[in-house]
file upload_8.txt (compact mmCIF, C-alpha atoms and all ligand atoms)
# COMPACT_ATOMS: atom_id res chain seq x y z
CA MET A 144 -40.46 -48.10 -17.59
CA LYS A 145 -39.58 -44.50 -18.25
CA TYR A 146 -36.15 -43.26 -19.25
CA PRO A 147 -33.65 -43.09 -17.52
CA PHE A 148 -34.86 -45.88 -15.21
CA GLU A 149 -35.35 -48.20 -18.13
CA LYS A 150 -31.69 -47.90 -19.02
CA ALA A 151 -30.64 -48.74 -15.45
CA LEU A 152 -33.10 -51.60 -15.06
CA PRO A 153 -30.60 -54.37 -15.90
CA ILE A 154 -28.56 -53.29 -12.86
CA LEU A 155 -31.47 -54.05 -10.52
CA GLU A 156 -32.02 -57.32 -12.35
CA GLU A 157 -28.37 -58.38 -12.07
CA ILE A 158 -28.30 -57.64 -8.35
CA GLU A 159 -31.52 -59.56 -7.78
CA LYS A 160 -30.24 -62.46 -9.84
CA ALA A 161 -27.30 -62.67 -7.45
CA GLY A 162 -29.78 -63.01 -4.60
CA TYR A 163 -29.96 -59.49 -3.17
CA GLU A 164 -32.53 -56.70 -3.17
CA ALA A 165 -32.11 -53.55 -5.23
CA TYR A 166 -34.26 -50.45 -5.76
CA PHE A 167 -34.23 -47.05 -7.30
CA VAL A 168 -34.31 -44.54 -4.44
CA GLY A 169 -34.35 -40.91 -3.42
CA GLY A 170 -34.55 -37.88 -5.69
CA SER A 171 -35.10 -39.77 -8.92
CA VAL A 172 -38.21 -41.53 -7.62
CA ARG A 173 -39.50 -38.24 -6.24
CA ASP A 174 -38.93 -36.48 -9.55
CA LEU A 175 -40.54 -39.32 -11.50
CA LEU A 176 -43.71 -39.01 -9.42
CA LEU A 177 -43.64 -35.24 -9.81
CA ASN A 178 -43.16 -35.52 -13.53
CA ARG A 179 -40.04 -33.43 -13.22
CA GLU A 180 -36.89 -33.90 -15.19
CA ILE A 181 -35.01 -36.78 -13.61
CA GLY A 182 -31.42 -36.27 -12.53
CA ASP A 183 -29.17 -39.03 -11.30
CA VAL A 184 -30.74 -42.41 -10.81
CA ASP A 185 -29.48 -43.75 -7.47
CA ILE A 186 -29.75 -47.37 -6.46
CA ALA A 187 -29.99 -48.85 -2.95
CA THR A 188 -29.25 -52.50 -2.30
CA SER A 189 -28.99 -55.13 0.40
CA ALA A 190 -25.68 -56.28 -1.12
CA THR A 191 -22.48 -54.97 0.46
CA PRO A 192 -20.02 -52.95 -1.64
CA GLU A 193 -17.80 -56.02 -1.97
CA GLU A 194 -20.74 -58.09 -3.14
CA ILE A 195 -21.64 -55.41 -5.71
CA LYS A 196 -18.08 -55.41 -6.99
CA GLY A 197 -18.37 -59.15 -7.41
CA ILE A 198 -21.44 -58.78 -9.61
CA PHE A 199 -20.32 -56.05 -12.04
CA SER A 200 -17.18 -55.94 -14.12
CA LYS A 201 -16.79 -52.17 -14.20
CA THR A 202 -17.01 -50.42 -10.86
CA VAL A 203 -15.32 -47.48 -9.20
CA ASP A 204 -14.73 -47.19 -5.48
CA VAL A 205 -16.01 -43.78 -4.55
CA GLY A 206 -17.15 -44.11 -0.98
CA ILE A 207 -16.80 -47.67 0.13
CA ALA A 208 -16.79 -46.56 3.77
CA HIS A 209 -20.22 -45.07 3.20
CA GLY A 210 -21.34 -48.06 1.25
CA THR A 211 -21.25 -46.52 -2.20
CA VAL A 212 -19.83 -48.10 -5.33
CA VAL A 213 -20.23 -46.59 -8.76
CA VAL A 214 -21.29 -49.10 -11.37
CA LEU A 215 -20.43 -48.20 -14.96
CA TYR A 216 -23.00 -49.54 -17.31
CA GLN A 217 -23.64 -48.76 -20.97
CA GLY A 218 -21.83 -45.46 -20.83
CA GLU A 219 -23.61 -44.28 -17.68
CA SER A 220 -22.50 -44.33 -14.08
CA TYR A 221 -24.77 -45.24 -11.22
CA GLU A 222 -24.23 -44.87 -7.50
CA VAL A 223 -25.13 -48.13 -5.86
CA THR A 224 -25.33 -47.77 -2.09
CA THR A 225 -25.77 -50.50 0.47
CA PHE A 226 -28.77 -50.10 2.78
CA ARG A 227 -27.51 -48.40 5.84
CA SER A 228 -28.58 -46.76 9.01
CA GLU A 229 -26.72 -43.90 10.51
CA SER A 230 -26.04 -44.42 14.14
CA GLU A 231 -23.79 -41.86 15.73
CA TYR A 232 -23.37 -38.23 14.89
CA ASP A 233 -20.67 -35.84 15.86
CA ASP A 234 -21.10 -32.07 15.95
CA PHE A 235 -24.35 -32.18 14.03
CA ARG A 236 -22.53 -33.20 10.89
CA ARG A 237 -22.77 -36.34 8.91
CA PRO A 238 -22.56 -39.65 10.75
CA ASN A 239 -19.28 -40.96 12.14
CA ASP A 240 -20.10 -44.41 11.32
CA VAL A 241 -22.43 -46.19 9.02
CA THR A 242 -23.91 -49.54 9.74
CA PHE A 243 -24.81 -51.67 6.78
CA ILE A 244 -28.16 -53.33 7.16
CA ARG A 245 -30.32 -55.60 5.08
CA SER A 246 -33.59 -53.69 5.43
CA LEU A 247 -34.86 -51.23 2.85
CA GLU A 248 -37.24 -49.63 5.30
CA GLU A 249 -34.45 -48.79 7.73
CA ASP A 250 -32.48 -47.30 4.86
CA LEU A 251 -35.43 -45.12 3.87
CA ARG A 252 -35.88 -44.05 7.49
CA ARG A 253 -32.47 -42.35 7.58
CA ARG A 254 -33.31 -40.18 4.58
CA ASP A 255 -34.13 -36.53 5.09
CA PHE A 256 -37.68 -35.86 3.91
CA THR A 257 -40.64 -38.12 3.35
CA MET A 258 -40.72 -37.19 -0.35
CA ASN A 259 -37.09 -38.38 -0.61
CA ALA A 260 -37.69 -41.59 1.33
CA MET A 261 -39.37 -43.67 -1.35
CA ALA A 262 -38.06 -46.53 -3.42
CA MET A 263 -39.15 -48.16 -6.66
CA ASN A 264 -38.57 -51.79 -7.57
CA LYS A 265 -37.84 -53.22 -10.99
CA ASP A 266 -41.56 -53.60 -11.70
CA GLY A 267 -42.19 -49.93 -11.10
CA GLU A 268 -43.89 -50.48 -7.73
CA ILE A 269 -43.39 -47.71 -5.23
CA ILE A 270 -42.32 -48.57 -1.69
CA ASP A 271 -43.43 -45.73 0.50
CA PRO A 272 -43.44 -46.45 4.24
CA PHE A 273 -43.42 -42.78 5.29
CA ASP A 274 -46.19 -41.38 3.14
CA GLY A 275 -43.94 -39.63 0.68
CA ARG A 276 -46.63 -39.74 -1.96
CA ALA A 277 -49.05 -37.87 0.29
CA ALA A 278 -46.33 -35.25 0.85
CA LEU A 279 -45.96 -34.83 -2.90
CA GLN A 280 -49.69 -34.56 -3.31
CA ASN A 281 -49.97 -31.95 -0.56
CA LYS A 282 -46.76 -30.27 -1.66
CA VAL A 283 -45.13 -30.38 1.75
CA ILE A 284 -41.61 -30.92 2.91
CA LYS A 285 -41.60 -32.94 6.08
CA THR A 286 -38.75 -34.73 7.80
CA VAL A 287 -38.87 -38.47 8.29
CA GLY A 288 -39.43 -38.62 12.05
CA ASP A 289 -38.80 -35.86 14.57
CA ALA A 290 -37.58 -32.74 12.77
CA SER A 291 -35.51 -31.41 15.62
CA GLU A 292 -33.74 -34.74 16.03
CA ARG A 293 -33.11 -35.09 12.32
CA PHE A 294 -31.63 -31.58 12.10
CA HIS A 295 -29.37 -32.31 15.05
CA GLU A 296 -28.09 -35.39 13.23
CA ASP A 297 -27.24 -33.38 10.13
CA ALA A 298 -28.02 -29.68 10.02
CA LEU A 299 -27.50 -29.54 6.27
CA ARG A 300 -31.00 -30.94 6.02
CA MET A 301 -32.22 -27.51 7.10
CA MET A 302 -30.66 -25.94 4.02
CA ARG A 303 -31.95 -28.78 1.89
CA ALA A 304 -35.47 -28.12 3.14
CA VAL A 305 -35.31 -24.50 2.02
CA ARG A 306 -33.70 -25.29 -1.31
CA PHE A 307 -36.48 -27.77 -2.05
CA VAL A 308 -38.98 -24.99 -1.34
CA SER A 309 -37.25 -23.05 -4.06
CA GLN A 310 -37.00 -25.90 -6.54
CA LEU A 311 -40.43 -27.43 -6.00
CA SER A 312 -42.57 -24.54 -4.71
CA PHE A 313 -43.60 -26.72 -1.80
CA ALA A 314 -44.48 -25.52 1.69
CA ILE A 315 -42.76 -26.66 4.87
CA ASP A 316 -44.72 -28.81 7.26
CA SER A 317 -45.44 -26.95 10.51
CA GLU A 318 -43.37 -29.10 12.85
CA THR A 319 -40.46 -29.04 10.42
CA PHE A 320 -40.83 -25.26 10.12
CA GLN A 321 -40.78 -24.88 13.90
CA ALA A 322 -37.55 -26.87 14.04
CA LEU A 323 -36.00 -24.69 11.32
CA LYS A 324 -36.83 -21.68 13.44
CA GLU A 325 -35.33 -23.15 16.57
CA HIS A 326 -32.16 -24.71 15.28
CA GLY A 327 -30.66 -22.29 12.76
CA LYS A 328 -27.54 -22.11 14.86
CA LEU A 329 -26.71 -25.71 14.01
CA LEU A 330 -25.81 -24.47 10.52
CA SER A 331 -22.60 -23.02 11.92
CA PHE A 332 -21.29 -26.57 12.39
CA ILE A 333 -21.70 -27.53 8.75
CA ALA A 334 -18.91 -27.39 6.18
CA VAL A 335 -19.35 -24.20 4.19
CA GLU A 336 -18.99 -25.98 0.85
CA ARG A 337 -22.07 -28.07 1.56
CA ILE A 338 -24.04 -24.97 2.55
CA THR A 339 -22.91 -23.17 -0.60
CA THR A 340 -24.10 -25.99 -2.84
CA GLU A 341 -27.56 -25.87 -1.31
CA PHE A 342 -27.72 -22.07 -1.25
CA GLU A 343 -26.84 -21.85 -4.93
CA LYS A 344 -29.48 -24.42 -5.83
CA LEU A 345 -31.86 -22.29 -3.79
CA LEU A 346 -30.91 -19.15 -5.71
CA MET A 347 -31.40 -20.89 -9.03
CA GLY A 348 -34.72 -22.52 -8.11
CA GLN A 349 -38.04 -21.39 -9.54
CA ASP A 350 -39.35 -20.10 -6.20
CA TYR A 351 -36.22 -18.50 -4.80
CA GLN A 352 -38.32 -15.59 -3.58
CA GLN A 353 -40.29 -17.80 -1.22
CA ALA A 354 -37.12 -19.61 -0.13
CA ILE A 355 -35.29 -16.39 0.73
CA ARG A 356 -38.36 -15.23 2.64
CA LEU A 357 -38.14 -18.47 4.59
CA LEU A 358 -34.48 -17.92 5.42
CA ILE A 359 -35.49 -14.56 6.86
CA GLU A 360 -38.58 -15.80 8.69
CA THR A 361 -36.80 -18.71 10.33
CA GLY A 362 -33.74 -16.61 11.15
CA MET A 363 -31.54 -19.14 9.32
CA TYR A 364 -29.93 -16.35 7.26
CA GLN A 365 -28.04 -15.24 10.37
CA TYR A 366 -25.96 -18.41 10.23
CA LEU A 367 -25.03 -18.19 6.57
CA PRO A 368 -21.59 -16.76 5.68
CA GLY A 369 -21.58 -12.98 5.82
CA LEU A 370 -25.38 -12.56 5.77
CA THR A 371 -26.00 -11.83 9.47
CA SER A 372 -26.41 -8.08 9.13
CA TYR A 373 -28.37 -8.02 5.88
CA LYS A 374 -31.92 -8.82 6.91
CA GLU A 375 -33.51 -5.77 5.27
CA GLU A 376 -31.37 -6.11 2.17
CA LEU A 377 -32.31 -9.77 1.78
CA HIS A 378 -35.89 -8.72 2.06
CA ALA A 379 -35.47 -6.22 -0.77
CA PHE A 380 -33.64 -8.81 -2.89
CA GLN A 381 -36.41 -11.27 -2.27
CA GLN A 382 -38.96 -8.92 -3.78
CA LEU A 383 -37.13 -8.75 -7.06
CA GLN A 384 -38.61 -10.69 -9.98
CA LEU A 385 -35.47 -12.26 -11.36
CA ASP A 386 -35.93 -14.14 -14.57
CA ARG A 387 -34.90 -17.78 -14.22
CA SER A 388 -32.48 -17.52 -17.12
CA PHE A 389 -29.92 -15.54 -15.09
CA THR A 390 -26.71 -17.39 -14.26
CA ILE A 391 -25.48 -18.13 -10.77
CA GLU A 392 -22.85 -15.38 -11.09
CA GLU A 393 -25.57 -12.90 -12.03
CA HIS A 394 -27.55 -13.95 -8.98
CA TRP A 395 -24.55 -13.23 -6.79
CA VAL A 396 -24.00 -9.87 -8.46
CA ILE A 397 -27.55 -8.71 -7.87
CA LEU A 398 -27.53 -10.05 -4.32
CA LEU A 399 -24.32 -8.20 -3.47
CA TYR A 400 -25.69 -5.14 -5.21
CA HIS A 401 -28.52 -5.17 -2.69
CA PHE A 402 -25.96 -5.36 0.10
CA ASN A 403 -24.29 -2.31 -1.45
CA LEU A 404 -21.04 -4.21 -1.07
CA PRO A 405 -18.00 -2.29 -2.36
CA PRO A 406 -16.26 -4.26 -5.14
CA THR A 407 -13.13 -4.36 -2.98
CA GLU A 408 -15.02 -6.44 -0.42
CA VAL A 409 -16.36 -9.00 -2.86
CA GLU A 410 -13.30 -11.16 -2.49
CA SER A 411 -13.51 -11.63 1.27
CA PHE A 412 -17.28 -12.05 1.16
CA MET A 413 -17.11 -14.72 -1.53
CA ARG A 414 -14.20 -16.45 0.16
CA GLY A 415 -16.48 -16.80 3.15
CA TRP A 416 -18.61 -18.98 0.87
CA LYS A 417 -15.48 -20.87 -0.28
CA GLN A 418 -16.02 -19.75 -3.86
CA PRO A 419 -13.38 -20.42 -6.54
CA VAL A 420 -11.19 -17.51 -7.61
CA LYS A 421 -12.52 -17.45 -11.15
CA LYS A 422 -16.07 -16.98 -9.98
CA ILE A 423 -15.03 -14.33 -7.48
CA ARG A 424 -13.39 -12.33 -10.29
CA SER A 425 -16.42 -12.64 -12.47
CA VAL A 426 -18.78 -11.46 -9.72
CA GLN A 427 -16.42 -8.61 -8.87
CA LYS A 428 -16.40 -7.43 -12.48
CA GLY A 429 -20.14 -7.79 -12.80
CA LEU A 430 -20.80 -5.83 -9.63
CA SER A 431 -18.43 -2.98 -10.56
CA CYS A 432 -20.04 -2.76 -13.97
CA LEU A 433 -23.53 -2.69 -12.49
CA TYR A 434 -22.60 0.13 -10.08
CA LYS A 435 -21.22 2.11 -13.04
CA ARG A 436 -24.32 1.46 -15.08
CA MET A 437 -26.49 2.82 -12.28
CA ASN A 438 -24.64 6.13 -12.67
CA SER A 439 -24.36 6.43 -16.43
CA GLY A 440 -25.40 4.91 -19.71
CA TRP A 441 -23.29 3.02 -22.23
CA GLY A 442 -20.74 5.24 -23.93
CA ILE A 443 -18.67 3.68 -26.68
CA GLU A 444 -15.70 3.46 -24.40
CA GLU A 445 -17.63 1.80 -21.56
CA LEU A 446 -19.03 -0.76 -23.96
CA TYR A 447 -15.60 -1.50 -25.40
CA ARG A 448 -14.05 -1.91 -21.94
CA ALA A 449 -16.82 -4.13 -20.65
CA GLN A 450 -17.06 -6.29 -23.79
CA ILE A 451 -20.44 -7.36 -25.05
CA GLU A 452 -21.08 -10.32 -22.78
CA LEU A 453 -20.63 -8.36 -19.56
CA ALA A 454 -22.45 -5.36 -21.03
CA VAL A 455 -25.52 -7.43 -21.89
CA SER A 456 -25.50 -9.14 -18.52
CA THR A 457 -25.20 -5.81 -16.74
CA GLU A 458 -27.93 -4.23 -18.82
CA LYS A 459 -30.32 -7.07 -18.06
CA LEU A 460 -29.69 -6.76 -14.33
CA PHE A 461 -30.06 -3.00 -14.65
CA ASN A 462 -33.40 -3.49 -16.38
CA VAL A 463 -34.62 -5.77 -13.60
CA LEU A 464 -33.63 -3.16 -11.01
CA MET A 465 -35.43 -0.48 -13.05
CA LYS A 466 -38.51 -2.72 -13.28
CA LYS A 467 -38.22 -2.80 -17.05
CA ASP A 468 -38.42 -5.80 -19.31
CA LYS A 469 -35.09 -7.60 -18.96
CA ASP A 470 -34.41 -7.44 -22.70
CA TYR A 471 -35.18 -3.76 -22.99
CA GLY A 472 -32.54 -2.02 -25.13
CA ILE A 473 -30.41 -5.15 -25.49
CA LYS A 474 -30.74 -5.25 -29.25
CA GLN A 475 -29.52 -1.66 -29.61
CA LEU A 476 -26.62 -2.44 -27.30
CA GLU A 477 -25.64 -5.35 -29.52
CA GLU A 478 -25.90 -3.21 -32.62
CA GLN A 479 -23.74 -0.58 -30.98
CA TRP A 480 -21.20 -3.31 -30.29
CA GLN A 481 -21.35 -4.66 -33.81
CA ALA A 482 -20.64 -1.18 -35.13
CA LEU A 483 -17.41 -0.82 -33.16
CA PRO A 484 -14.43 -0.71 -35.58
CA ILE A 485 -12.41 -2.94 -33.25
CA LYS A 486 -13.55 -5.20 -30.45
CA GLU A 487 -10.27 -5.62 -28.60
CA ARG A 488 -6.70 -4.42 -28.33
CA SER A 489 -5.32 -7.22 -30.49
CA GLU A 490 -7.27 -5.87 -33.46
CA LEU A 491 -5.47 -2.56 -33.29
CA ALA A 492 -3.24 -2.00 -36.35
CA VAL A 493 -0.30 -0.96 -34.17
CA THR A 494 1.52 -2.63 -31.30
CA GLY A 495 3.80 -1.50 -28.50
CA GLN A 496 6.70 -2.58 -30.73
CA ASP A 497 5.63 -0.09 -33.41
CA LEU A 498 5.42 2.71 -30.86
CA MET A 499 8.93 1.98 -29.51
CA ALA A 500 10.32 2.05 -33.03
CA TRP A 501 8.51 5.24 -34.01
CA TYR A 502 9.44 7.16 -30.89
CA GLU A 503 12.85 5.52 -30.54
CA GLN A 504 12.16 4.97 -26.89
CA LYS A 505 12.34 1.97 -24.57
CA GLY A 506 9.27 0.27 -23.27
CA GLY A 507 7.51 1.61 -20.20
CA PRO A 508 4.15 2.72 -18.86
CA TRP A 509 3.96 5.33 -21.62
CA ILE A 510 3.18 2.57 -24.11
CA GLU A 511 0.04 1.49 -22.32
CA GLU A 512 -1.05 5.11 -22.07
CA ARG A 513 -0.49 5.71 -25.79
CA LEU A 514 -2.20 2.50 -26.84
CA ARG A 515 -5.21 3.51 -24.79
CA GLN A 516 -5.35 6.90 -26.51
CA ILE A 517 -5.13 5.23 -29.88
CA GLU A 518 -7.79 2.65 -29.00
CA ILE A 519 -10.22 5.35 -27.94
CA ALA A 520 -9.56 7.42 -31.04
CA VAL A 521 -10.13 4.33 -33.18
CA ILE A 522 -13.35 3.20 -31.53
CA LYS A 523 -14.66 6.76 -31.68
CA ARG A 524 -13.70 6.80 -35.37
CA GLU A 525 -11.44 9.80 -34.97
CA ILE A 526 -8.81 7.79 -36.84
CA ARG A 527 -8.93 4.85 -39.14
CA ASN A 528 -7.46 1.62 -37.77
CA GLY A 529 -4.43 1.47 -40.10
CA LYS A 530 -0.75 1.77 -39.36
CA GLU A 531 -0.19 4.81 -41.50
CA SER A 532 -3.21 6.76 -40.34
CA ILE A 533 -2.39 6.08 -36.73
CA ARG A 534 1.20 7.15 -37.23
CA GLU A 535 0.12 10.34 -38.92
CA TRP A 536 -2.37 11.07 -36.20
CA LEU A 537 0.27 10.53 -33.53
CA PHE A 538 2.88 12.74 -35.08
CA GLU A 539 0.81 15.44 -36.73
CA CYS A 540 -2.36 16.01 -34.81
CA ASN A 541 -1.54 14.64 -31.46
CA GLN A 542 2.00 15.59 -30.58
CA PRO A 543 2.63 15.32 -26.84
P1 LIG B 601 -31.32 -33.53 -6.42
O1 LIG B 601 -32.45 -33.62 -7.37
O2 LIG B 601 -30.87 -32.16 -6.20
O3 LIG B 601 -30.19 -34.48 -6.71
P2 LIG B 601 -31.81 -35.34 -4.27
O4 LIG B 601 -32.96 -35.49 -3.31
O5 LIG B 601 -31.60 -36.45 -5.23
O6 LIG B 601 -31.98 -33.97 -5.01
P3 LIG B 601 -29.15 -35.90 -3.43
O7 LIG B 601 -28.19 -35.03 -2.71
O8 LIG B 601 -28.84 -36.39 -4.78
O9 LIG B 601 -30.52 -35.11 -3.42
O10 LIG B 601 -29.43 -37.11 -2.45
C1 LIG B 601 -30.08 -38.31 -2.89
C2 LIG B 601 -30.94 -38.84 -1.75
O11 LIG B 601 -30.15 -39.10 -0.58
C3 LIG B 601 -32.02 -37.87 -1.27
O12 LIG B 601 -33.17 -37.94 -2.06
C4 LIG B 601 -32.25 -38.37 0.15
O13 LIG B 601 -33.04 -39.53 0.16
C5 LIG B 601 -30.86 -38.75 0.60
N1 LIG B 601 -30.13 -37.64 1.24
C6 LIG B 601 -29.33 -36.73 0.67
N2 LIG B 601 -28.80 -35.89 1.55
C7 LIG B 601 -29.27 -36.28 2.75
C8 LIG B 601 -29.09 -35.81 4.09
N3 LIG B 601 -28.31 -34.76 4.35
N4 LIG B 601 -29.74 -36.49 5.07
C9 LIG B 601 -30.52 -37.55 4.80
N5 LIG B 601 -30.73 -38.02 3.58
C10 LIG B 601 -30.13 -37.41 2.56
MG MG B 602 -29.94 -36.61 -6.63
call {"tool": "encode", "arguments": {"input": "upload_8.txt", "output": "structure tokens"}}
result
Amino acid sequence: MKYPFEKALPILEEIEKAGYEAYFVGGSVRDLLLNREIGDVDIATSATPEEIKGIFSKTVDVGIAHGTVVVLYQGESYEVTTFRSESEYDDFRRPNDVTFIRSLEEDLRRRDFTMNAMAMNKDGEIIDPFDGRAALQNKVIKTVGDASERFHEDALRMMRAVRFVSQLSFAIDSETFQALKEHGKLLSFIAVERITTEFEKLLMGQDYQQAIRLLIETGMYQYLPGLTSYKEELHAFQQLQLDRSFTIEEHWVILLYHFNLPPTEVESFMRGWKQPVKKIRSVQKGLSCLYKRMNSGWGIEELYRAQIELAVSTEKLFNVLMKKDKDYGIKQLEEQWQALPIKERSELAVTGQDLMAWYEQKGGPWIEERLRQIEIAVIKREIRNGKESIREWLFECNQP
């Protein structure tokens, strides 16, 4: 059996030895059959969480109420989830209640798409009651059972459908597509964090262009945070050939660039997506830098202020917008950076302390102003970066 299933095999065997059923399920089985890189190997079992805890010595309670126990085994952790059906739903979110059952087929029935509703036993046999293999063959995403019903149970499935389009380059089955078109509004009931996770996977997927097109076509975009009024802009973004090596932050920058969003509005927009502060700052910086780059090239000072990482990122995005090769001019930019006499303030030969001593003045905003002047003179090679030469320059050539 192929890695990483092989490594997890003893877990199935242990559970079976104790008299229960156990299978690999969900995404890992799908990815195995697709020959894609396999992520987490999830296990479904007829044993209850308590029974699982009785079998393995190292377990972690992560979601006992939902039937999930993490089993730690040979340095890996595996989610082992009791077969369950989901009975009642509130507000189109996840189920209120889970009912543990002893039937694999019922467990597979509650899963979102037919391609995700397959299991594999310890002998590598595929259990596929909903024709998941045919869906993989035909490259279609199709809900298990009535699409409209399944989206009412949990509207996140709608976002999942579109993100799988992006990741797998599959098409959406016609009935499922119809339901996406009709029920976009249900997305407003879903926790934003869950939507964000799916949307970012969508952005990073190989076929994000097709997925964004789908968000527009189905009207789903109207129910995503802050996107309601950007139909045309999304359309323009969707036509962009973005290399798959761009980071998630870079994707946000170029998206917001298409919205022509002022940098001052990035914070409230990104907060709408419940993004962490650090990421918001990074996107804000990236967007400001890209706007500047659209107006002018890289002067020494601009490069120094941006620092090389942001400069390269900005230049690549700029190239994409200009329909040039993304690496166009990057080498020269790096050489320009390498040639800078200093890369940051801390490398300057003088400090605020020196200035206070030389001018016999107390600290204040004047120090920052002076240091900036010195920095610029140094990076432009108007003065050498040494204490004496800077002092001379200040007092002889550059008296205020
Ligand atoms: P990925 O490769 O991104 O992990 P995945 O299909 O494994 O994709 P997970 O979120 O890890 O996605 O979920 C594991 C499995 O649980 C899915 O394959 C599917 O069978 C089921 N599942 C996940 N989310 C839902 C949902 N909202 N509704 C129904 N079933 C779901
Ligand atoms: Mg998974």
call {"tool": "atom_distance", "arguments": {"input": "upload_8.txt", "atom1": "CA of Lys466 in chain A", "atom2": "CA of Gln384 in chain A"}}
result
8.6 Å
call {"tool": "residues_near_ligand", "arguments": {"input": "upload_8.txt", "ligand": "ligand MG 602 (chain B)", "cutoff": "8 Å", "atoms": "only C-alpha atoms and all ligand atoms", "output": "ChimeraX atom specification"}}
result
/A:169-171,182-185
call {"tool": "residues_near_ligand", "arguments": {"input": "upload_8.txt", "ligand": "ligand LIG 601 (chain B)", "cutoff": "6 Å", "atoms": "all atoms listed in the file", "output": "PyMOL selection string"}}
result
chain A and resi 169-170+182+253-255+259-260+299-300
call {"tool": "closest_atom_pairs", "arguments": {"input": "upload_8.txt", "of": "range 413-457 of chain A", "to": "range 495-517 of chain A", "cutoff": "12 Å", "atoms": "only C-alpha atoms", "output": "CSV"}}
result
residue,atom,partner,partner_atom,distance
A:Glu444,CA,A:Arg515,CA,10.5
A:Tyr447,CA,A:Arg515,CA,11.6
A:Arg448,CA,A:Arg515,CA,10.8
call {"tool": "residues_near_point", "arguments": {"input": "upload_8.txt", "point": "(-34.7, -11.6, -12.3)", "cutoff": "10 Å", "atoms": "only C-alpha atoms", "output": "list in words"}}
result
Phe380, Gln382, Leu383, Gln384, Leu385, Asp386, Arg387, Ser388, Phe389, Glu393, His394, Ile397, Lys459, Leu460, Asn462, Val463, Leu464, Lys466, Asp468 and Lys469 of chain A
call {"tool": "residues_around", "arguments": {"input": "upload_8.txt", "residues": "Ala298 in chain A", "least_positions_apart": "3", "cutoff": "10 Å", "atoms": "only C-alpha atoms", "output": "PyMOL selection string"}}
result
chain A and resi 234-237+291-295+301-303+323+326-333+338
call {"tool": "atom_distance", "arguments": {"input": "upload_8.txt", "atom1": "CA of Asp204 in chain A", "atom2": "CA of Leu251 in chain A"}}
result
22.8 Å
call {"tool": "closest_residue", "arguments": {"input": "upload_8.txt", "among": "A:Asn438, A:Thr242, A:Gln475, A:Gln381", "to": "Ser228 in chain A", "atoms": "all atoms listed in the file"}}
result
A:Thr242
call {"tool": "residues_around", "arguments": {"input": "upload_8.txt", "residues": "range 305-321 of chain A", "least_positions_apart": "3", "cutoff": "10 Å", "atoms": "only C-alpha atoms", "output": "mmCIF file with C-alpha atoms, keeping the file's coordinate frame"}}
result
data_model
loop_
_atom_site.group_PDB
_atom_site.id
_atom_site.type_symbol
_atom_site.label_atom_id
_atom_site.label_comp_id
_atom_site.auth_asym_id
_atom_site.auth_seq_id
_atom_site.Cartn_x
_atom_site.Cartn_y
_atom_site.Cartn_z
ATOM 1 C CA ASP A 174 -38.930 -36.480 -9.550
ATOM 2 C CA LEU A 177 -43.640 -35.240 -9.810
ATOM 3 C CA ARG A 179 -40.040 -33.430 -13.220
ATOM 4 C CA PHE A 256 -37.680 -35.860 3.910
ATOM 5 C CA ALA A 278 -46.330 -35.250 0.850
ATOM 6 C CA LEU A 279 -45.960 -34.830 -2.900
ATOM 7 C CA ASN A 281 -49.970 -31.950 -0.560
ATOM 8 C CA LYS A 282 -46.760 -30.270 -1.660
ATOM 9 C CA VAL A 283 -45.130 -30.380 1.750
ATOM 10 C CA ILE A 284 -41.610 -30.920 2.910
ATOM 11 C CA LYS A 285 -41.600 -32.940 6.080
ATOM 12 C CA THR A 286 -38.750 -34.730 7.800
ATOM 13 C CA VAL A 287 -38.870 -38.470 8.290
ATOM 14 C CA GLY A 288 -39.430 -38.620 12.050
ATOM 15 C CA ASP A 289 -38.800 -35.860 14.570
ATOM 16 C CA ALA A 290 -37.580 -32.740 12.770
ATOM 17 C CA SER A 291 -35.510 -31.410 15.620
ATOM 18 C CA ARG A 293 -33.110 -35.090 12.320
ATOM 19 C CA PHE A 294 -31.630 -31.580 12.100
ATOM 20 C CA ARG A 300 -31.000 -30.940 6.020
ATOM 21 C CA MET A 301 -32.220 -27.510 7.100
ATOM 22 C CA MET A 302 -30.660 -25.940 4.020
ATOM 23 C CA LYS A 324 -36.830 -21.680 13.440
ATOM 24 C CA GLU A 325 -35.330 -23.150 16.570
ATOM 25 C CA HIS A 326 -32.160 -24.710 15.280
ATOM 26 C CA THR A 340 -24.100 -25.990 -2.840
ATOM 27 C CA GLU A 341 -27.560 -25.870 -1.310
ATOM 28 C CA PHE A 342 -27.720 -22.070 -1.250
ATOM 29 C CA GLU A 343 -26.840 -21.850 -4.930
ATOM 30 C CA LYS A 344 -29.480 -24.420 -5.830
ATOM 31 C CA LEU A 345 -31.860 -22.290 -3.790
ATOM 32 C CA LEU A 346 -30.910 -19.150 -5.710
ATOM 33 C CA MET A 347 -31.400 -20.890 -9.030
ATOM 34 C CA GLY A 348 -34.720 -22.520 -8.110
ATOM 35 C CA GLN A 349 -38.040 -21.390 -9.540
ATOM 36 C CA ASP A 350 -39.350 -20.100 -6.200
ATOM 37 C CA TYR A 351 -36.220 -18.500 -4.800
ATOM 38 C CA GLN A 352 -38.320 -15.590 -3.580
ATOM 39 C CA GLN A 353 -40.290 -17.800 -1.220
ATOM 40 C CA ALA A 354 -37.120 -19.610 -0.130
ATOM 41 C CA ILE A 355 -35.290 -16.390 0.730
ATOM 42 C CA ARG A 356 -38.360 -15.230 2.640
ATOM 43 C CA LEU A 357 -38.140 -18.470 4.590
ATOM 44 C CA LEU A 358 -34.480 -17.920 5.420
ATOM 45 C CA GLU A 360 -38.580 -15.800 8.690
ATOM 46 C CA THR A 361 -36.800 -18.710 10.330
ATOM 47 C CA MET A 363 -31.540 -19.140 9.320
#
